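structure24.cif follows (mmCIF, C-alpha atoms):
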data_coords
#
loop_
_atom_site.group_PDB
_atom_site.id
_atom_site.type_symbol
_atom_site.label_atom_id
_atom_site.label_comp_id
_atom_site.auth_asym_id
_atom_site.auth_seq_id
_atom_site.Cartn_x
_atom_site.Cartn_y
_atom_site.Cartn_z
ATOM 1 C CA MET A 17 28.648 -9.807 -43.567
ATOM 2 C CA LYS A 18 26.654 -12.323 -41.560
ATOM 3 C CA GLU A 19 29.551 -12.823 -39.134
ATOM 4 C CA HIS A 20 29.815 -9.063 -38.650
ATOM 5 C CA SER A 21 26.099 -8.738 -37.922
ATOM 6 C CA LEU A 22 26.279 -11.687 -35.496
ATOM 7 C CA ARG A 23 29.183 -10.111 -33.637
ATOM 8 C CA LEU A 24 27.369 -6.803 -33.530
ATOM 9 C CA GLY A 25 24.250 -8.501 -32.160
ATOM 10 C CA ARG A 26 26.252 -10.324 -29.493
ATOM 11 C CA ALA A 27 27.974 -7.088 -28.489
ATOM 12 C CA ARG A 28 24.624 -5.374 -28.129
ATOM 13 C CA GLU A 29 23.322 -8.250 -26.014
ATOM 14 C CA ARG A 30 26.342 -8.001 -23.712
ATOM 15 C CA ILE A 31 25.943 -4.255 -23.380
ATOM 16 C CA MET A 32 22.249 -4.586 -22.534
ATOM 17 C CA HIS A 33 23.030 -7.418 -20.104
ATOM 18 C CA ILE A 34 25.543 -5.202 -18.312
ATOM 19 C CA LEU A 35 23.127 -2.267 -18.360
ATOM 20 C CA PHE A 36 20.303 -4.322 -16.835
ATOM 21 C CA LEU A 37 22.681 -5.770 -14.234
ATOM 22 C CA VAL A 38 23.835 -2.279 -13.222
ATOM 23 C CA ALA A 39 20.218 -1.107 -12.935
ATOM 24 C CA ALA A 40 19.307 -4.110 -10.780
ATOM 25 C CA CYS A 41 22.357 -3.623 -8.558
ATOM 26 C CA ALA A 42 21.535 0.087 -8.201
ATOM 27 C CA SER A 43 18.031 -0.771 -7.001
ATOM 28 C CA VAL A 44 19.365 -3.275 -4.464
ATOM 29 C CA ALA A 45 22.031 -0.804 -3.338
ATOM 30 C CA ALA A 46 19.413 1.918 -2.820
ATOM 31 C CA VAL A 47 17.349 -0.367 -0.581
ATOM 32 C CA ALA A 48 20.467 -1.442 1.307
ATOM 33 C CA LEU A 49 21.517 2.181 1.880
ATOM 34 C CA ILE A 50 18.064 3.097 3.174
ATOM 35 C CA CYS A 51 18.122 0.128 5.552
ATOM 36 C CA ALA A 52 21.622 0.993 6.765
ATOM 37 C CA PHE A 53 20.689 4.642 7.358
ATOM 38 C CA LEU A 54 17.495 3.807 9.243
ATOM 39 C CA PHE A 55 18.959 1.117 11.475
ATOM 40 C CA ALA A 56 22.212 2.979 12.177
ATOM 41 C CA ASN A 57 20.447 6.211 13.172
ATOM 42 C CA SER A 58 17.699 4.526 15.183
ATOM 43 C CA ILE A 59 19.982 2.494 17.443
ATOM 44 C CA PRO A 60 20.736 5.454 19.801
ATOM 45 C CA ALA A 61 17.007 6.023 20.351
ATOM 46 C CA PHE A 62 16.349 2.355 21.102
ATOM 47 C CA VAL A 63 19.311 2.255 23.512
ATOM 48 C CA GLU A 64 18.419 5.433 25.407
ATOM 49 C CA ILE A 65 14.631 5.042 25.474
ATOM 50 C CA GLY A 66 14.542 1.247 25.669
ATOM 51 C CA PRO A 67 12.897 -1.008 23.077
ATOM 52 C CA LEU A 68 9.920 -1.920 25.272
ATOM 53 C CA ASN A 69 9.327 1.649 26.444
ATOM 54 C CA PHE A 70 9.531 2.859 22.850
ATOM 55 C CA LEU A 71 7.381 0.198 21.210
ATOM 56 C CA LEU A 72 4.865 -0.378 24.010
ATOM 57 C CA GLY A 73 4.746 3.063 25.596
ATOM 58 C CA THR A 74 1.389 4.799 25.304
ATOM 59 C CA VAL A 75 2.495 8.407 25.861
ATOM 60 C CA TRP A 76 4.192 10.575 23.230
ATOM 61 C CA ARG A 77 5.394 13.800 24.857
ATOM 62 C CA PRO A 78 8.768 14.845 23.478
ATOM 63 C CA GLY A 79 8.849 17.852 25.829
ATOM 64 C CA ASN A 80 8.849 15.458 28.786
ATOM 65 C CA ASP A 81 11.167 12.914 27.130
ATOM 66 C CA LEU A 82 8.337 10.397 26.802
ATOM 67 C CA TYR A 83 8.510 8.553 23.497
ATOM 68 C CA GLY A 84 5.924 5.797 23.303
ATOM 69 C CA ILE A 85 4.724 4.947 19.791
ATOM 70 C CA PHE A 86 2.263 2.161 20.586
ATOM 71 C CA PRO A 87 -0.769 4.417 19.871
ATOM 72 C CA MET A 88 0.725 5.276 16.472
ATOM 73 C CA ILE A 89 1.381 1.614 15.696
ATOM 74 C CA MET A 90 -2.203 0.721 16.502
ATOM 75 C CA GLY A 91 -3.445 3.758 14.578
ATOM 76 C CA SER A 92 -1.590 2.596 11.460
ATOM 77 C CA LEU A 93 -3.005 -0.911 11.889
ATOM 78 C CA TYR A 94 -6.578 0.319 12.357
ATOM 79 C CA VAL A 95 -6.505 2.693 9.397
ATOM 80 C CA THR A 96 -4.806 0.198 7.090
ATOM 81 C CA ALA A 97 -7.152 -2.642 8.076
ATOM 82 C CA GLY A 98 -10.177 -0.412 7.530
ATOM 83 C CA ALA A 99 -8.907 0.672 4.115
ATOM 84 C CA LEU A 100 -8.367 -2.945 3.079
ATOM 85 C CA LEU A 101 -11.778 -4.072 4.301
ATOM 86 C CA LEU A 102 -13.475 -1.308 2.346
ATOM 87 C CA GLY A 103 -11.242 -1.036 -0.703
ATOM 88 C CA VAL A 104 -10.093 -4.539 -1.616
ATOM 89 C CA PRO A 105 -13.549 -6.045 -2.379
ATOM 90 C CA ILE A 106 -14.520 -3.043 -4.498
ATOM 91 C CA ALA A 107 -11.185 -3.065 -6.309
ATOM 92 C CA LEU A 108 -11.285 -6.795 -7.097
ATOM 93 C CA LEU A 109 -14.882 -6.694 -8.314
ATOM 94 C CA THR A 110 -14.035 -3.689 -10.483
ATOM 95 C CA ALA A 111 -11.010 -5.497 -11.929
ATOM 96 C CA ILE A 112 -13.136 -8.550 -12.741
ATOM 97 C CA PHE A 113 -15.752 -6.341 -14.382
ATOM 98 C CA LEU A 114 -13.152 -4.517 -16.491
ATOM 99 C CA ALA A 115 -11.420 -7.724 -17.547
ATOM 100 C CA ARG A 116 -14.408 -9.988 -18.268
ATOM 101 C CA PHE A 117 -17.746 -8.177 -18.191
ATOM 102 C CA CYS A 118 -17.255 -4.582 -19.326
ATOM 103 C CA PRO A 119 -18.515 -3.659 -22.829
ATOM 104 C CA PRO A 120 -15.851 -1.971 -25.005
ATOM 105 C CA ARG A 121 -17.652 1.382 -25.089
ATOM 106 C CA ILE A 122 -17.890 1.587 -21.302
ATOM 107 C CA TYR A 123 -14.332 0.284 -20.938
ATOM 108 C CA ARG A 124 -12.983 3.182 -22.989
ATOM 109 C CA LEU A 125 -14.518 5.562 -20.452
ATOM 110 C CA LEU A 126 -14.061 3.598 -17.229
ATOM 111 C CA LYS A 127 -10.417 2.585 -17.650
ATOM 112 C CA PRO A 128 -9.095 6.161 -18.076
ATOM 113 C CA ALA A 129 -11.199 7.212 -15.079
ATOM 114 C CA VAL A 130 -9.550 4.521 -12.940
ATOM 115 C CA ASN A 131 -6.114 5.575 -14.175
ATOM 116 C CA LEU A 132 -6.955 9.173 -13.363
ATOM 117 C CA LEU A 133 -7.544 8.213 -9.740
ATOM 118 C CA ALA A 134 -3.911 7.103 -9.530
ATOM 119 C CA GLY A 135 -2.697 10.485 -10.771
ATOM 120 C CA ILE A 136 -4.605 12.655 -8.301
ATOM 121 C CA PRO A 137 -2.194 14.148 -5.709
ATOM 122 C CA SER A 138 -2.574 13.087 -2.100
ATOM 123 C CA VAL A 139 -3.324 16.614 -0.959
ATOM 124 C CA VAL A 140 -6.319 16.735 -3.314
ATOM 125 C CA TYR A 141 -7.635 13.529 -1.758
ATOM 126 C CA GLY A 142 -7.051 15.155 1.611
ATOM 127 C CA PHE A 143 -9.066 18.242 0.667
ATOM 128 C CA PHE A 144 -11.863 16.018 -0.605
ATOM 129 C CA GLY A 145 -11.861 14.104 2.662
ATOM 130 C CA LEU A 146 -11.780 17.295 4.702
ATOM 131 C CA VAL A 147 -14.615 18.970 2.820
ATOM 132 C CA VAL A 148 -16.837 15.959 1.988
ATOM 133 C CA LEU A 149 -16.028 12.905 4.100
ATOM 134 C CA VAL A 150 -15.436 14.600 7.451
ATOM 135 C CA PRO A 151 -18.825 16.407 7.497
ATOM 136 C CA PHE A 152 -20.564 13.280 6.186
ATOM 137 C CA VAL A 153 -19.134 11.027 8.913
ATOM 138 C CA ARG A 154 -19.829 13.678 11.566
ATOM 139 C CA ASN A 155 -23.455 14.133 10.543
ATOM 140 C CA THR A 156 -24.143 10.443 9.893
ATOM 141 C CA PHE A 157 -22.264 8.553 12.594
ATOM 142 C CA GLY A 158 -21.388 11.203 15.165
ATOM 143 C CA GLY A 159 -18.110 12.409 16.578
ATOM 144 C CA ASN A 160 -16.150 15.291 15.114
ATOM 145 C CA GLY A 161 -15.580 13.568 11.759
ATOM 146 C CA ASN A 162 -11.795 13.344 12.021
ATOM 147 C CA SER A 163 -11.590 9.670 12.813
ATOM 148 C CA ILE A 164 -10.390 6.193 11.911
ATOM 149 C CA LEU A 165 -13.496 5.650 9.797
ATOM 150 C CA THR A 166 -12.899 8.766 7.712
ATOM 151 C CA ALA A 167 -9.235 7.959 7.155
ATOM 152 C CA SER A 168 -10.095 4.358 6.228
ATOM 153 C CA VAL A 169 -12.694 5.433 3.659
ATOM 154 C CA LEU A 170 -10.286 7.938 2.124
ATOM 155 C CA LEU A 171 -7.422 5.445 1.964
ATOM 156 C CA ALA A 172 -9.777 2.853 0.470
ATOM 157 C CA MET A 173 -10.432 5.283 -2.374
ATOM 158 C CA MET A 174 -6.713 5.929 -2.817
ATOM 159 C CA ILE A 175 -5.688 2.263 -3.092
ATOM 160 C CA LEU A 176 -8.391 1.428 -5.650
ATOM 161 C CA PRO A 177 -6.424 2.274 -8.836
ATOM 162 C CA THR A 178 -3.327 0.386 -7.658
ATOM 163 C CA ILE A 179 -5.172 -2.842 -6.897
ATOM 164 C CA ILE A 180 -7.505 -2.566 -9.893
ATOM 165 C CA GLY A 181 -4.660 -2.098 -12.378
ATOM 166 C CA VAL A 182 -2.562 -5.016 -11.156
ATOM 167 C CA ALA A 183 -5.531 -7.344 -10.617
ATOM 168 C CA GLU A 184 -6.997 -6.633 -14.061
ATOM 169 C CA ALA A 185 -3.654 -7.347 -15.723
ATOM 170 C CA ALA A 186 -3.380 -10.605 -13.768
ATOM 171 C CA ILE A 187 -6.888 -11.699 -14.782
ATOM 172 C CA ARG A 188 -6.258 -10.902 -18.443
ATOM 173 C CA ALA A 189 -3.002 -12.900 -18.316
ATOM 174 C CA VAL A 190 -4.848 -16.122 -17.442
ATOM 175 C CA PRO A 191 -4.883 -18.435 -20.492
ATOM 176 C CA GLU A 192 -8.199 -18.458 -22.305
ATOM 177 C CA SER A 193 -8.237 -22.251 -22.076
ATOM 178 C CA TYR A 194 -9.217 -21.978 -18.384
ATOM 179 C CA TYR A 195 -12.354 -20.063 -19.309
ATOM 180 C CA GLU A 196 -13.183 -22.205 -22.327
ATOM 181 C CA GLY A 197 -12.642 -25.429 -20.388
ATOM 182 C CA SER A 198 -15.014 -24.265 -17.672
ATOM 183 C CA LEU A 199 -17.651 -23.405 -20.267
ATOM 184 C CA ALA A 200 -17.177 -26.796 -21.881
ATOM 185 C CA LEU A 201 -17.966 -28.445 -18.548
ATOM 186 C CA GLY A 202 -21.292 -26.634 -18.424
ATOM 187 C CA ALA A 203 -20.477 -23.667 -16.193
ATOM 188 C CA THR A 204 -22.032 -20.265 -16.870
ATOM 189 C CA HIS A 205 -20.032 -17.201 -17.812
ATOM 190 C CA GLU A 206 -20.148 -15.878 -14.268
ATOM 191 C CA ARG A 207 -19.105 -19.162 -12.645
ATOM 192 C CA SER A 208 -16.321 -19.603 -15.186
ATOM 193 C CA VAL A 209 -14.922 -16.177 -14.361
ATOM 194 C CA PHE A 210 -15.224 -16.405 -10.578
ATOM 195 C CA PHE A 211 -14.314 -20.063 -10.087
ATOM 196 C CA ALA A 212 -11.856 -20.759 -12.908
ATOM 197 C CA VAL A 213 -10.253 -17.562 -14.182
ATOM 198 C CA PHE A 214 -10.072 -15.520 -10.984
ATOM 199 C CA PRO A 215 -8.469 -18.267 -8.813
ATOM 200 C CA ALA A 216 -5.840 -18.780 -11.510
ATOM 201 C CA ALA A 217 -4.909 -15.097 -11.227
ATOM 202 C CA LYS A 218 -4.534 -15.131 -7.429
ATOM 203 C CA SER A 219 -0.768 -14.603 -7.587
ATOM 204 C CA GLY A 220 -1.092 -11.319 -9.465
ATOM 205 C CA VAL A 221 -4.131 -10.312 -7.419
ATOM 206 C CA MET A 222 -2.145 -10.855 -4.226
ATOM 207 C CA ALA A 223 0.634 -8.668 -5.604
ATOM 208 C CA GLY A 224 -1.877 -5.890 -6.220
ATOM 209 C CA VAL A 225 -3.209 -6.183 -2.675
ATOM 210 C CA ILE A 226 0.332 -5.970 -1.293
ATOM 211 C CA LEU A 227 0.963 -2.805 -3.313
ATOM 212 C CA GLY A 228 -2.303 -1.401 -1.980
ATOM 213 C CA VAL A 229 -1.218 -2.165 1.585
ATOM 214 C CA GLY A 230 2.057 -0.366 0.975
ATOM 215 C CA ARG A 231 0.179 2.656 -0.368
ATOM 216 C CA ALA A 232 -2.172 2.695 2.612
ATOM 217 C CA VAL A 233 0.561 2.289 5.229
ATOM 218 C CA GLY A 234 2.833 4.880 3.666
ATOM 219 C CA GLU A 235 0.224 7.562 2.963
ATOM 220 C CA THR A 236 0.797 10.745 4.963
ATOM 221 C CA MET A 237 -0.683 13.977 3.649
ATOM 222 C CA ALA A 238 -4.268 12.811 3.180
ATOM 223 C CA VAL A 239 -4.266 11.030 6.547
ATOM 224 C CA ILE A 240 -2.983 14.133 8.330
ATOM 225 C CA MET A 241 -5.965 16.096 7.067
ATOM 226 C CA VAL A 242 -8.708 13.673 8.149
ATOM 227 C CA ALA A 243 -7.443 11.347 10.913
ATOM 228 C CA GLY A 244 -7.458 13.811 13.814
ATOM 229 C CA ASN A 245 -3.739 13.304 14.656
ATOM 230 C CA GLN A 246 -4.303 12.459 18.306
ATOM 231 C CA PRO A 247 -1.498 10.305 19.814
ATOM 232 C CA ARG A 248 -3.736 8.110 21.928
ATOM 233 C CA LEU A 249 -5.294 4.672 21.849
ATOM 234 C CA PRO A 250 -8.798 4.998 20.341
ATOM 235 C CA SER A 251 -11.782 3.250 21.837
ATOM 236 C CA SER A 252 -13.933 3.394 18.682
ATOM 237 C CA ILE A 253 -13.621 3.980 14.955
ATOM 238 C CA LEU A 254 -15.170 7.445 15.393
ATOM 239 C CA GLU A 255 -12.185 8.740 17.377
ATOM 240 C CA GLY A 256 -9.085 10.341 15.939
ATOM 241 C CA VAL A 257 -5.708 8.633 15.678
ATOM 242 C CA ARG A 258 -2.155 9.433 14.671
ATOM 243 C CA THR A 259 -0.327 7.039 12.359
ATOM 244 C CA LEU A 260 3.405 6.381 12.220
ATOM 245 C CA THR A 261 3.846 8.399 9.035
ATOM 246 C CA THR A 262 1.936 11.427 10.296
ATOM 247 C CA ASN A 263 3.853 11.351 13.556
ATOM 248 C CA ILE A 264 7.135 11.632 11.654
ATOM 249 C CA VAL A 265 5.943 14.415 9.364
ATOM 250 C CA MET A 266 4.363 16.510 12.119
ATOM 251 C CA ASP A 267 7.435 16.523 14.389
ATOM 252 C CA MET A 268 10.440 16.205 12.098
ATOM 253 C CA SER A 269 10.609 19.893 11.129
ATOM 254 C CA TYR A 270 11.537 21.010 14.660
ATOM 255 C CA ALA A 271 12.903 17.813 16.233
ATOM 256 C CA ILE A 272 16.469 17.765 17.570
ATOM 257 C CA GLY A 273 18.553 15.381 19.626
ATOM 258 C CA LEU A 274 16.733 12.395 21.074
ATOM 259 C CA HIS A 275 13.437 13.585 19.602
ATOM 260 C CA ARG A 276 14.861 13.400 16.085
ATOM 261 C CA GLU A 277 16.419 10.011 16.758
ATOM 262 C CA ALA A 278 13.060 8.750 18.055
ATOM 263 C CA LEU A 279 11.403 9.855 14.826
ATOM 264 C CA ILE A 280 14.030 8.026 12.766
ATOM 265 C CA ALA A 281 13.408 4.966 14.939
ATOM 266 C CA THR A 282 9.704 5.387 14.150
ATOM 267 C CA GLY A 283 10.609 5.209 10.473
ATOM 268 C CA THR A 284 12.531 2.003 11.162
ATOM 269 C CA VAL A 285 9.477 0.515 12.878
ATOM 270 C CA LEU A 286 7.367 1.505 9.869
ATOM 271 C CA PHE A 287 9.876 -0.117 7.525
ATOM 272 C CA VAL A 288 9.854 -3.353 9.532
ATOM 273 C CA PHE A 289 6.054 -3.173 9.696
ATOM 274 C CA ILE A 290 5.787 -3.092 5.899
ATOM 275 C CA MET A 291 8.331 -5.890 5.582
ATOM 276 C CA LEU A 292 6.332 -8.081 7.972
ATOM 277 C CA ILE A 293 3.153 -7.445 5.989
ATOM 278 C CA ASN A 294 4.909 -8.487 2.764
ATOM 279 C CA VAL A 295 6.275 -11.631 4.424
ATOM 280 C CA LEU A 296 2.844 -12.565 5.780
ATOM 281 C CA PHE A 297 1.238 -12.095 2.375
ATOM 282 C CA SER A 298 3.985 -14.177 0.774
ATOM 283 C CA LEU A 299 3.453 -16.992 3.273
ATOM 284 C CA ALA A 300 -0.301 -16.887 2.705
ATOM 285 C CA LYS A 301 0.297 -16.964 -1.053
ATOM 286 C CA ARG A 302 2.553 -20.038 -0.760
ATOM 287 C CA ARG A 303 0.022 -21.886 1.384
ATOM 288 C CA SER A 304 -2.758 -21.152 -1.092
ATOM 289 C CA GLU A 305 -0.634 -22.496 -3.954
ATOM 290 C CA ARG A 306 -0.103 -25.878 -2.256
#

Show how you would write the structure in this file as structure tokens.
Amino acid sequence: MKEHSLRLGRARERIMHILFLVAACASVAAVALICAFLFANSIPAFVEIGPLNFLLGTVWRPGNDLYGIFPMIMGSLYVTAGALLLGVPIALLTAIFLARFCPPRIYRLLKPAVNLLAGIPSVVYGFFGLVVLVPFVRNTFGGNGNSILTASVLLAMMILPTIIGVAEAAIRAVPESYYEGSLALGATHERSVFFAVFPAAKSGVMAGVILGVGRAVGETMAVIMVAGNQPRLPSSILEGVRTLTTNIVMDMSYAIGLHREALIATGTVLFVFIMLINVLFSLAKRRSER
């Protein structure tokens, strides 16, 4: 009887091992197929337009066969950087509060509210930005309201639940001995949290920031509604921009020929852009761990 149960348990372990291996291989295969599709279909655009003309060109006029995406690259950088500057500090402080300072009664209300932010559709965020943020920025700072600043504020709100959730989990995963040891050395509760517990959770916190960057870079619908969608190099944060994602969405429905290939190449640039950001964060993480 025991031998039969052992054999049955081993068989189940093998089946689950195979199942997990197939799932992992399917995920890798999906990424590989996406990469192959993007790079294979973007090569004709790079060859015909020229890599430098495509990446460094400042004019996007498909009707005149001018395909320069440099303004869109800079627009994505500006909007993403603004969202990180505004959203990351708020998200990390909120995660610390939820993990170490929040009373249970408030936590039961605040945690579901944070989770609810993650479930709100992008178009709803876009309507909120269009109705609330755009008039506020226009009346407070000037311009027409559809600007880098507006898009950055909106994206900062959208990345909050992602970073908060991952960072809070990372902070709670830190062994309690770190906190207790700091208290035993005479540190206050606040100093123990900020100088002992939080640094120990930097790996998970960095992962949350990376996920937030991916959300900010890849966001489309909300940015379309508040960023102004102007394919030009802005001279201030109160001017409108067009990001790489919005450029693809706005033109793909009617694009044919070289225009369509240029949009696929734009997607390839966006993919490489996100990969570079992940690599840079990984390098920074390794240096901080030394």

Nearby residues (all atoms listed in the file) at most 12 Å from Pro151 of chain A, same-chain spacing under 4 positions excluded, as a ChimeraX atom specification: /A:144-147,155-163,166,242

Please, what distance in Å, to one decimal, runs between atom CA of Glu206 of chain A and atom CA of Ile179 of chain A?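 Atom CA of Ile179 of chain A lies 21.2 Å from atom CA of Glu206 of chain A.
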
For Pro87 of chain A, please output as a VMD selection string all residues within 7 Å (counting all atoms listed in the file; exclusion window: fewer than 4 positions along the same chain). chain A and resid 74 91 247 to 249

With all atoms listed in the file as the basis for distance, which of A:Val233, A:Ala238, A:Ile187, A:Leu286 is at the shortest distance from Ala217 of chain A?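 The answer is A:Ile187, which sits nearest to Ala217 of chain A.
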
Would you please work out which residue, of A:Met241, A:Leu201, A:Ala107, A:Ile293, is nearest to Ile164 of chain A when using all atoms listed in the file? A:Met241

Would you list the contacts of Pro215 of chain A as an MDAnalysis selection string, taking every protein, DNA or RNA residue within 10 Å and counting only C-alpha atoms, but skipping same-chain residues closer than 5 positions in sequence? chainID A and resid 187 190 209:210 221

Would you write out, as JSON lines, a table of all residues in segment 78-142 of chain A that have an atom no more than 12 Å from an atom of segment 61-68 of chain A, listing for each the closest atom pair and the distance in Å to one decimal, considering only C-alpha atoms and ordering rows by chain and rising residue number?
{"residue": "A:Pro78", "atom": "CA", "partner": "A:Ile65", "partner_atom": "CA", "distance": 11.6}
{"residue": "A:Asp81", "atom": "CA", "partner": "A:Ile65", "partner_atom": "CA", "distance": 8.8}
{"residue": "A:Leu82", "atom": "CA", "partner": "A:Ile65", "partner_atom": "CA", "distance": 8.4}
{"residue": "A:Tyr83", "atom": "CA", "partner": "A:Ile65", "partner_atom": "CA", "distance": 7.3}
{"residue": "A:Gly84", "atom": "CA", "partner": "A:Leu68", "partner_atom": "CA", "distance": 8.9}
{"residue": "A:Ile85", "atom": "CA", "partner": "A:Leu68", "partner_atom": "CA", "distance": 10.2}
{"residue": "A:Phe86", "atom": "CA", "partner": "A:Leu68", "partner_atom": "CA", "distance": 9.9}

Any chance you can output those residues with C-alpha atoms as a JSON list (two decimals), keeping the file's coordinate frame?
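The file below, again-v6.json, is the result:
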[["chain", "number", "residue", "atom", "x", "y", "z"],
["A", 78, "PRO", "CA", 8.77, 14.84, 23.48],
["A", 81, "ASP", "CA", 11.17, 12.91, 27.13],
["A", 82, "LEU", "CA", 8.34, 10.40, 26.80],
["A", 83, "TYR", "CA", 8.51, 8.55, 23.50],
["A", 84, "GLY", "CA", 5.92, 5.80, 23.30],
["A", 85, "ILE", "CA", 4.72, 4.95, 19.79],
["A", 86, "PHE", "CA", 2.26, 2.16, 20.59]]

List the neighbours of segment 260-271 of chain A out to 8 Å using all atoms listed in the file; skip same-chain residues closer than 5 positions along the sequence, and give me the result as number ranges by chain. A: 85, 88-89, 91-92, 233-237, 239-240, 245, 276, 279-280, 282-283, 286

For a test of reading the model, state the distance in Å between atom CA of Thr110 of chain A and atom CA of Ala189 of chain A, rounded to one decimal. 16.4 Å
